[in-house]
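Notes for the one structure printed next.
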Amino acid sequence: MSADINSQLEPTGPGSPRARARRPEPWWSDAVFYQVYPRSFADSDGDGVGDLGGLATRLDHLAYLGVDGIWINPVTVSPMADHGYDVADPRDIDPLFGGMAAFEQLLAAAHQRGIKVTIDVVPNHTSSQHPWFQAALVARPGSEERDRYFFRDGRGPDGALPPNNWESVFGGPAWTRVVEPDGNPGQWYLHLFDAEQPDLNWDNPDVFDDFEKTLRFWLERGVDGFRIDVAHGMAKPPGLPDAADEAKILRHTDDDPRFNRPQVHEIHRDIRAVIDDYPGAVTVGEVWVNDNARWAEYVRPDELHLGFNFRLTRTEFDAAAIHDAVQNSLDAAALEDATPTWTLANHDVGREVTRYGGGAVGLRRARAMAMVMLALPGAVFVYNGQELGLPDVDLPDEVLQDPTWERSGHTERGRDGCRVPMPWSGDAPPFGFSTCADTWLPMPPEWAELTVEQQRAEPNSMLVFFREALHLRSSRSEFDGTQIEWLSAPGDALMFRRGGGLACVLNAGTNPIALPPGQLLMASAALVDGQLPPASAAWLV
Ligand code: NOJ
Ligand code: MG
């Protein structure tokens with residue numbers, strides 16, 4: 001292997017000189033990605049909204065934790081109707097986040113520390129403020145401008161009914177009627193998400209051409225890869241047929257005509273051909289597909305490198321259910337010999353501390369599940385604040401910002417509760433997140449206990465625990481191997497061994513259990529008479 005190729009493959013992250021140097025796998029194959037929700041990470045300019053300058057000043061935290069890379073949610077130019085997932089210019093950084101200069105500084109600073117930088121791209125839709133959509137609004141029905149989106153005549157005598165029965169993922173119809181340049185009500189346009197997020201028509205060649213420009217723009221500037229938003233969404237079925245079933249807000253099934261159409265794979269192949277010009281760059285797709293065979297199609301060798309598998313975010317703290325979710329995710333990736341991915345929380349699905357029951361119990365379970373996740377082979381995604389054990393926050397109605405709240409007619413509160421800014425230091429909001437007390441979402445006073453500052457000083461804290469787990473994972477050869485072997489365990493526990501020799505035990509039951517033979521490397525809670533207590537996990541070698 002030439003020195004050149006070696007330098008592309010070797011991790012530069014603070015983790016891991018270990019086994020990876022011996023193995024030819026790409027850097028991301030066992031990377032820990034840290035997801036930064038930029039509005040909520042750190043604010044450098046005192047406007048109460050996190051930004052890239054803030055992130056750059058907090059890179060020490062990521063180096064302290066020992067992550068290999070970051071994934072930053074969208075920071076491109078946006079009116080922020082869906083906090084950046086409504087992109088008005090995909091090749092520039094929004095001033096709210098500090099503009100292009102802040103991005104370039106961040107990228108250099110992260111790379112200097114050996115932290116890879118991946119960014120969100122949003123191919124399924126644009127902002128309604130995107131110049132293409134603005135041009136489509138003033139163009140005629142049937143024009144080239146309208147063909148980049150889905151403009152259709154309405155149904156009913158006056159075209160006053162939407163073209164089909166599709167619903168927006170955020171609630172309400174997936175169609176909005178426009179006023180034509182002559183002042184009359186006219187065609188409708190499709191938006192699977194907010195009305196400010198019109199869907200692009202990927203059958204129009206301009207759409208891929210422009211997306212390719214965007215990919216190359218960021219890759220040329222040195223980004224290490226992309227998280228691809230709604231990666232199972234871009235292709236729409238010919239004729240846009242009605243859906244058979246009523247859709248649930250923020251969820252859909254595999255049969256839903258809005259998503260997971262076979263033609264989407266052609267798009268992924270075209271994307272991959274571009275990415276392959278930049279060795280080492282990674283793509284991870286948001287793939288909400290449940291069926292393993294259909295999910296695996298996205299990670300074929302000429303499509304995405306990685307696909308999010310969300311099973312664990314939908315799994316209770318129950319040994320049998322966790323076993324099945326893990327095995328299913330491994331099986332799905334194995335169908336294409338792809339790398340599995342593990343996620344317990346993100347900015348859409350909520351935080352696991354709350355999902356596991358909240359309070360001390362939820363935190364204890366979250367600690368245990370962190371050890372399960374970090375013991376598994378593949379790439380891991382940690383959502384900012386997960387390392388602090390943050391819970392979801394019950395926010396008052398009047399501060400809610402997720403478009404879901406309005407679009408659902410105030411029946412679904414949406415995702416703001418898991419997007420509250422990070423508490424860094426001090427004993428009162430805004431906890432060093434900002435100099436402005438009026439943070440974009442209010443921070444709970446009780447987070448005084450959960451600040452980074454507090455937790456760094458507390459040897460038993462979630463943060464110190466996370467750091468230790470990440471360091472063990474990246475430095476010990478016992479974590480080698482791409483397979484796991486399930487070992488027999490009591491009914492409410494699970495136990496598996498990695499190829500490198502690590503044994504991971506999870507006690508999801510209510511009684512302490514005996515540990516298998518071996519040296520204890522780490523436990524999520526103190527052992528009781530040499531046994532693993534309920535709601536905890538251990539690593540042995
Ligand atoms: C998935 C993103 O993760 C979510 O936050 C966003 O609202 C939708 N895609 C629409 O872009
Ligand atoms: Mg700011």
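So you can find residues: chains in the structure tokens are A, B, ... in the order shown, residues in each start at 1, and ligands are numbered from 1 in order.
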- prompt: Please, which residues have at least one atom within 10 Å of an atom of ligand 1, using only C-alpha atoms and all ligand atoms, listed as JSON, numbers by chain?
  reply: {"A": [37, 73, 74, 81, 82, 83, 84, 85, 86, 87, 120, 121, 122, 123, 124, 125, 126, 127, 169, 170, 191, 192, 193, 194, 197, 227, 228, 229, 230, 231, 233, 250, 286, 287, 288, 346, 347, 348, 349, 402, 403, 404, 414, 415]}
field: Exercise answer, 9 Å around ligand 2 with only C-alpha atoms and all ligand atoms, as JSON, numbers by chain
entry: {"A": [39, 42, 43, 44, 45, 46, 47, 48, 49, 50, 51, 52, 53, 54, 96, 97, 98, 434]}
- prompt: Excluding same-chain residues fewer than 5 positions from Tyr64 in chain A, what lies within 10 Å of it counting only C-alpha atoms, as a VMD selection string?
  reply: chain A and resid 14 59 456 463 to 464 467 471
- request: Determine which residues of range 158-332 of chain A receive a DSSP assignment of alpha helix (DSSP H), computed from the backbone, and state them as a PyMOL selection string.
  value: chain A and resi 205-220+264-275+292-296+319-332
Contacts of Pro534 in chain A at 7 Å or less, counting only C-alpha atoms, minus same-chain residues fewer than 4 places along, as an mmCIF file with N, CA and C atoms, in the first residue's frame?
data_model
loop_
_atom_site.group_PDB
_atom_site.id
_atom_site.type_symbol
_atom_site.label_atom_id
_atom_site.label_comp_id
_atom_site.auth_asym_id
_atom_site.auth_seq_id
_atom_site.Cartn_x
_atom_site.Cartn_y
_atom_site.Cartn_z
ATOM 1 N N ASN A 507 -27.682 -5.766 31.794
ATOM 2 C CA ASN A 507 -28.725 -6.271 32.687
ATOM 3 C C ASN A 507 -29.915 -5.324 32.595
ATOM 4 N N ALA A 508 -30.951 -5.765 31.853
ATOM 5 C CA ALA A 508 -32.149 -4.929 31.709
ATOM 6 C C ALA A 508 -33.239 -5.375 32.680
ATOM 7 N N GLY A 509 -32.901 -6.283 33.567
ATOM 8 C CA GLY A 509 -33.905 -6.824 34.488
ATOM 9 C C GLY A 509 -33.925 -6.097 35.824
ATOM 10 N N THR A 510 -34.476 -6.768 36.830
ATOM 11 C CA THR A 510 -34.639 -6.121 38.137
ATOM 12 C C THR A 510 -33.786 -6.745 39.233
ATOM 13 N N ASN A 511 -33.049 -7.808 38.900
ATOM 14 C CA ASN A 511 -32.153 -8.433 39.888
ATOM 15 C C ASN A 511 -30.714 -8.389 39.399
ATOM 16 N N PRO A 512 -29.772 -8.323 40.333
ATOM 17 C CA PRO A 512 -28.357 -8.379 39.920
ATOM 18 C C PRO A 512 -28.059 -9.711 39.226
#
field: Test item, strand (DSSP E or B) assignment across range 230-349 of chain A, answer as a PyMOL selection string
entry: chain A and resi 282-285+306-307+341-343+346
Requested write-out: all heavy atoms of the selected residues, as a PDB file, in the first residue's frame:
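As a result, again06.pdb now contains:
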ATOM      1  N   VAL A 282     -17.179  10.370   2.957  1.00  0.00           N
ATOM      2  CA  VAL A 282     -18.216   9.409   3.357  1.00  0.00           C
ATOM      3  C   VAL A 282     -19.606  10.017   3.161  1.00  0.00           C
ATOM      4  O   VAL A 282     -19.787  11.231   3.293  1.00  0.00           O
ATOM      5  CB  VAL A 282     -18.016   8.993   4.836  1.00  0.00           C
ATOM      6  CG1 VAL A 282     -18.199  10.167   5.792  1.00  0.00           C
ATOM      7  CG2 VAL A 282     -18.927   7.835   5.225  1.00  0.00           C
ATOM      8  N   THR A 283     -20.562   9.175   2.826  1.00  0.00           N
ATOM      9  CA  THR A 283     -21.960   9.603   2.836  1.00  0.00           C
ATOM     10  C   THR A 283     -22.726   8.727   3.825  1.00  0.00           C
ATOM     11  O   THR A 283     -22.540   7.518   3.857  1.00  0.00           O
ATOM     12  CB  THR A 283     -22.631   9.435   1.461  1.00  0.00           C
ATOM     13  OG1 THR A 283     -22.429   8.099   0.995  1.00  0.00           O
ATOM     14  CG2 THR A 283     -22.086  10.423   0.454  1.00  0.00           C
ATOM     15  N   VAL A 284     -23.549   9.365   4.614  1.00  0.00           N
ATOM     16  CA  VAL A 284     -24.459   8.611   5.477  1.00  0.00           C
ATOM     17  C   VAL A 284     -25.862   9.128   5.197  1.00  0.00           C
ATOM     18  O   VAL A 284     -26.109  10.335   5.249  1.00  0.00           O
ATOM     19  CB  VAL A 284     -24.077   8.684   6.969  1.00  0.00           C
ATOM     20  CG1 VAL A 284     -23.890  10.098   7.457  1.00  0.00           C
ATOM     21  CG2 VAL A 284     -25.122   7.961   7.831  1.00  0.00           C
ATOM     22  N   GLY A 285     -26.754   8.214   4.866  1.00  0.00           N
ATOM     23  CA  GLY A 285     -28.090   8.617   4.472  1.00  0.00           C
ATOM     24  C   GLY A 285     -29.103   8.429   5.585  1.00  0.00           C
ATOM     25  O   GLY A 285     -29.044   7.469   6.353  1.00  0.00           O
ATOM     26  N   LEU A 306     -22.904   4.622   4.253  1.00  0.00           N
ATOM     27  CA  LEU A 306     -23.563   4.272   5.517  1.00  0.00           C
ATOM     28  C   LEU A 306     -25.030   4.693   5.449  1.00  0.00           C
ATOM     29  O   LEU A 306     -25.368   5.672   4.784  1.00  0.00           O
ATOM     30  CB  LEU A 306     -22.926   5.039   6.691  1.00  0.00           C
ATOM     31  CG  LEU A 306     -21.444   4.798   7.001  1.00  0.00           C
ATOM     32  CD1 LEU A 306     -20.969   5.820   8.040  1.00  0.00           C
ATOM     33  CD2 LEU A 306     -21.241   3.379   7.541  1.00  0.00           C
ATOM     34  N   GLY A 307     -25.865   3.962   6.151  1.00  0.00           N
ATOM     35  CA  GLY A 307     -27.261   4.365   6.286  1.00  0.00           C
ATOM     36  C   GLY A 307     -27.613   4.376   7.762  1.00  0.00           C
ATOM     37  O   GLY A 307     -27.203   3.475   8.507  1.00  0.00           O
ATOM     38  N   THR A 341     -24.565   1.026  11.577  1.00  0.00           N
ATOM     39  CA  THR A 341     -24.518   2.303  12.308  1.00  0.00           C
ATOM     40  C   THR A 341     -25.446   2.213  13.517  1.00  0.00           C
ATOM     41  O   THR A 341     -26.426   1.465  13.488  1.00  0.00           O
ATOM     42  CB  THR A 341     -25.000   3.486  11.440  1.00  0.00           C
ATOM     43  OG1 THR A 341     -26.379   3.289  11.123  1.00  0.00           O
ATOM     44  CG2 THR A 341     -24.196   3.626  10.167  1.00  0.00           C
ATOM     45  N   TRP A 342     -25.120   3.014  14.532  1.00  0.00           N
ATOM     46  CA  TRP A 342     -25.878   2.946  15.791  1.00  0.00           C
ATOM     47  C   TRP A 342     -26.233   4.343  16.273  1.00  0.00           C
ATOM     48  O   TRP A 342     -25.376   5.221  16.322  1.00  0.00           O
ATOM     49  CB  TRP A 342     -25.047   2.202  16.846  1.00  0.00           C
ATOM     50  CG  TRP A 342     -24.582   0.872  16.330  1.00  0.00           C
ATOM     51  CD1 TRP A 342     -23.328   0.571  15.874  1.00  0.00           C
ATOM     52  CD2 TRP A 342     -25.374  -0.313  16.138  1.00  0.00           C
ATOM     53  NE1 TRP A 342     -23.296  -0.739  15.425  1.00  0.00           N
ATOM     54  CE2 TRP A 342     -24.529  -1.306  15.586  1.00  0.00           C
ATOM     55  CE3 TRP A 342     -26.711  -0.642  16.386  1.00  0.00           C
ATOM     56  CZ2 TRP A 342     -24.978  -2.592  15.264  1.00  0.00           C
ATOM     57  CZ3 TRP A 342     -27.159  -1.922  16.075  1.00  0.00           C
ATOM     58  CH2 TRP A 342     -26.299  -2.880  15.532  1.00  0.00           C
ATOM     59  N   THR A 343     -27.483   4.520  16.596  1.00  0.00           N
ATOM     60  CA  THR A 343     -28.004   5.822  17.012  1.00  0.00           C
ATOM     61  C   THR A 343     -29.011   5.614  18.133  1.00  0.00           C
ATOM     62  O   THR A 343     -29.929   4.806  17.978  1.00  0.00           O
ATOM     63  CB  THR A 343     -28.780   6.474  15.839  1.00  0.00           C
ATOM     64  OG1 THR A 343     -27.908   6.625  14.724  1.00  0.00           O
ATOM     65  CG2 THR A 343     -29.333   7.826  16.204  1.00  0.00           C
ATOM     66  N   ASN A 346     -31.301  11.683  18.317  1.00  0.00           N
ATOM     67  CA  ASN A 346     -30.908  12.771  17.417  1.00  0.00           C
ATOM     68  C   ASN A 346     -31.925  13.900  17.550  1.00  0.00           C
ATOM     69  O   ASN A 346     -32.795  13.860  18.434  1.00  0.00           O
ATOM     70  CB  ASN A 346     -30.706  12.283  15.967  1.00  0.00           C
ATOM     71  CG  ASN A 346     -31.999  11.878  15.273  1.00  0.00           C
ATOM     72  OD1 ASN A 346     -33.083  12.346  15.625  1.00  0.00           O
ATOM     73  ND2 ASN A 346     -31.882  11.015  14.273  1.00  0.00           N
TER      74      ASN A 346
END
- request: Find the spatial neighbours of Asp182 in chain A, counting only C-alpha atoms, within a cut-off of 12 Å - ignore same-chain residues fewer than 6 positions away - and output them as a PyMOL selection string.
  value: chain A and resi 137-140
Could you write out the selected residues, including all heavy atoms, as a short mmCIF file (atom, residue, chain, number, x, y, z; two decimals), in the first residue's frame?
data_model
loop_
_atom_site.label_atom_id
_atom_site.label_comp_id
_atom_site.auth_asym_id
_atom_site.auth_seq_id
_atom_site.Cartn_x
_atom_site.Cartn_y
_atom_site.Cartn_z
N LEU A 137 -42.56 30.51 -9.17
CA LEU A 137 -43.80 31.17 -8.77
C LEU A 137 -44.27 32.19 -9.80
O LEU A 137 -45.48 32.35 -10.02
CB LEU A 137 -43.62 31.88 -7.41
CG LEU A 137 -43.58 30.99 -6.18
CD1 LEU A 137 -43.37 31.84 -4.93
CD2 LEU A 137 -44.87 30.16 -6.04
N VAL A 138 -43.31 32.87 -10.44
CA VAL A 138 -43.71 33.91 -11.40
C VAL A 138 -43.73 33.37 -12.83
O VAL A 138 -44.04 34.11 -13.77
CB VAL A 138 -42.80 35.17 -11.32
CG1 VAL A 138 -42.97 35.83 -9.96
CG2 VAL A 138 -41.34 34.82 -11.55
N ALA A 139 -43.39 32.09 -13.00
CA ALA A 139 -43.44 31.49 -14.34
C ALA A 139 -44.82 30.88 -14.57
O ALA A 139 -45.63 30.76 -13.65
CB ALA A 139 -42.35 30.44 -14.48
N ARG A 140 -45.05 30.48 -15.83
CA ARG A 140 -46.37 29.93 -16.17
C ARG A 140 -46.45 28.43 -15.87
O ARG A 140 -45.43 27.75 -15.88
CB ARG A 140 -46.63 30.12 -17.66
CG ARG A 140 -47.18 31.50 -18.02
CD ARG A 140 -47.74 31.49 -19.43
NE ARG A 140 -46.77 30.93 -20.39
CZ ARG A 140 -45.79 31.64 -20.93
NH1 ARG A 140 -45.64 32.92 -20.60
NH2 ARG A 140 -44.98 31.08 -21.80
#
- line: The residue from A:Gly172, A:Pro198, A:Gly69, A:Gly530 with the smallest atom-to-atom distance to His130 in chain A, counting only C-alpha atoms, is A:Pro198
Given only C-alpha atoms, how would the per-residue table for range 35-98 of chain A near range 205-212 of chain A read, listing every residue at most 12 Å away with its closest atom pair and distance in Å to one decimal, sorted by chain and number, as a Markdown table?
| residue | atom | partner | partner_atom | distance |
| --- | --- | --- | --- | --- |
| A:Asp89 | CA | A:Asp210 | CA | 10.9 |
| A:Pro90 | CA | A:Phe211 | CA | 8.6 |
| A:Arg91 | CA | A:Phe211 | CA | 9.8 |
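Here CA of Asp427 in chain A is placed at a distance of 20.7 Å from CA of Leu363 in chain A.
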- prompt: With only C-alpha atoms as the atoms that count, which of A:Leu200, A:Ala333, A:Leu400, A:Ala247 lies nearest to Ala379 in chain A?
  reply: A:Ala333
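Pairwise distance (CA of Phe466 in chain A, CA of Pro421 in chain A) equals 19.3 Å.
For the set A:Thr435, A:Ser461, A:Asp324, A:Leu330, the residue with the smallest atom-to-atom gap to Glu449 in chain A is A:Ser461, counting only C-alpha atoms.
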query: How far is it from CA of Val178 in chain A to CA of Leu190 in chain A, in Å with one decimal?
result: 10.9 Å
message: Please list as a count of residues only every residue within 9 Å of Ala320 in chain A, counting only C-alpha atoms and excluding residues in the same chain fewer than 2 positions away.
response: 9
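Proximity of A:Gly417, A:Gly239, A:Gly99, A:Gly222 to Pro163 in chain A, computed with only C-alpha atoms, is greatest for A:Gly239.
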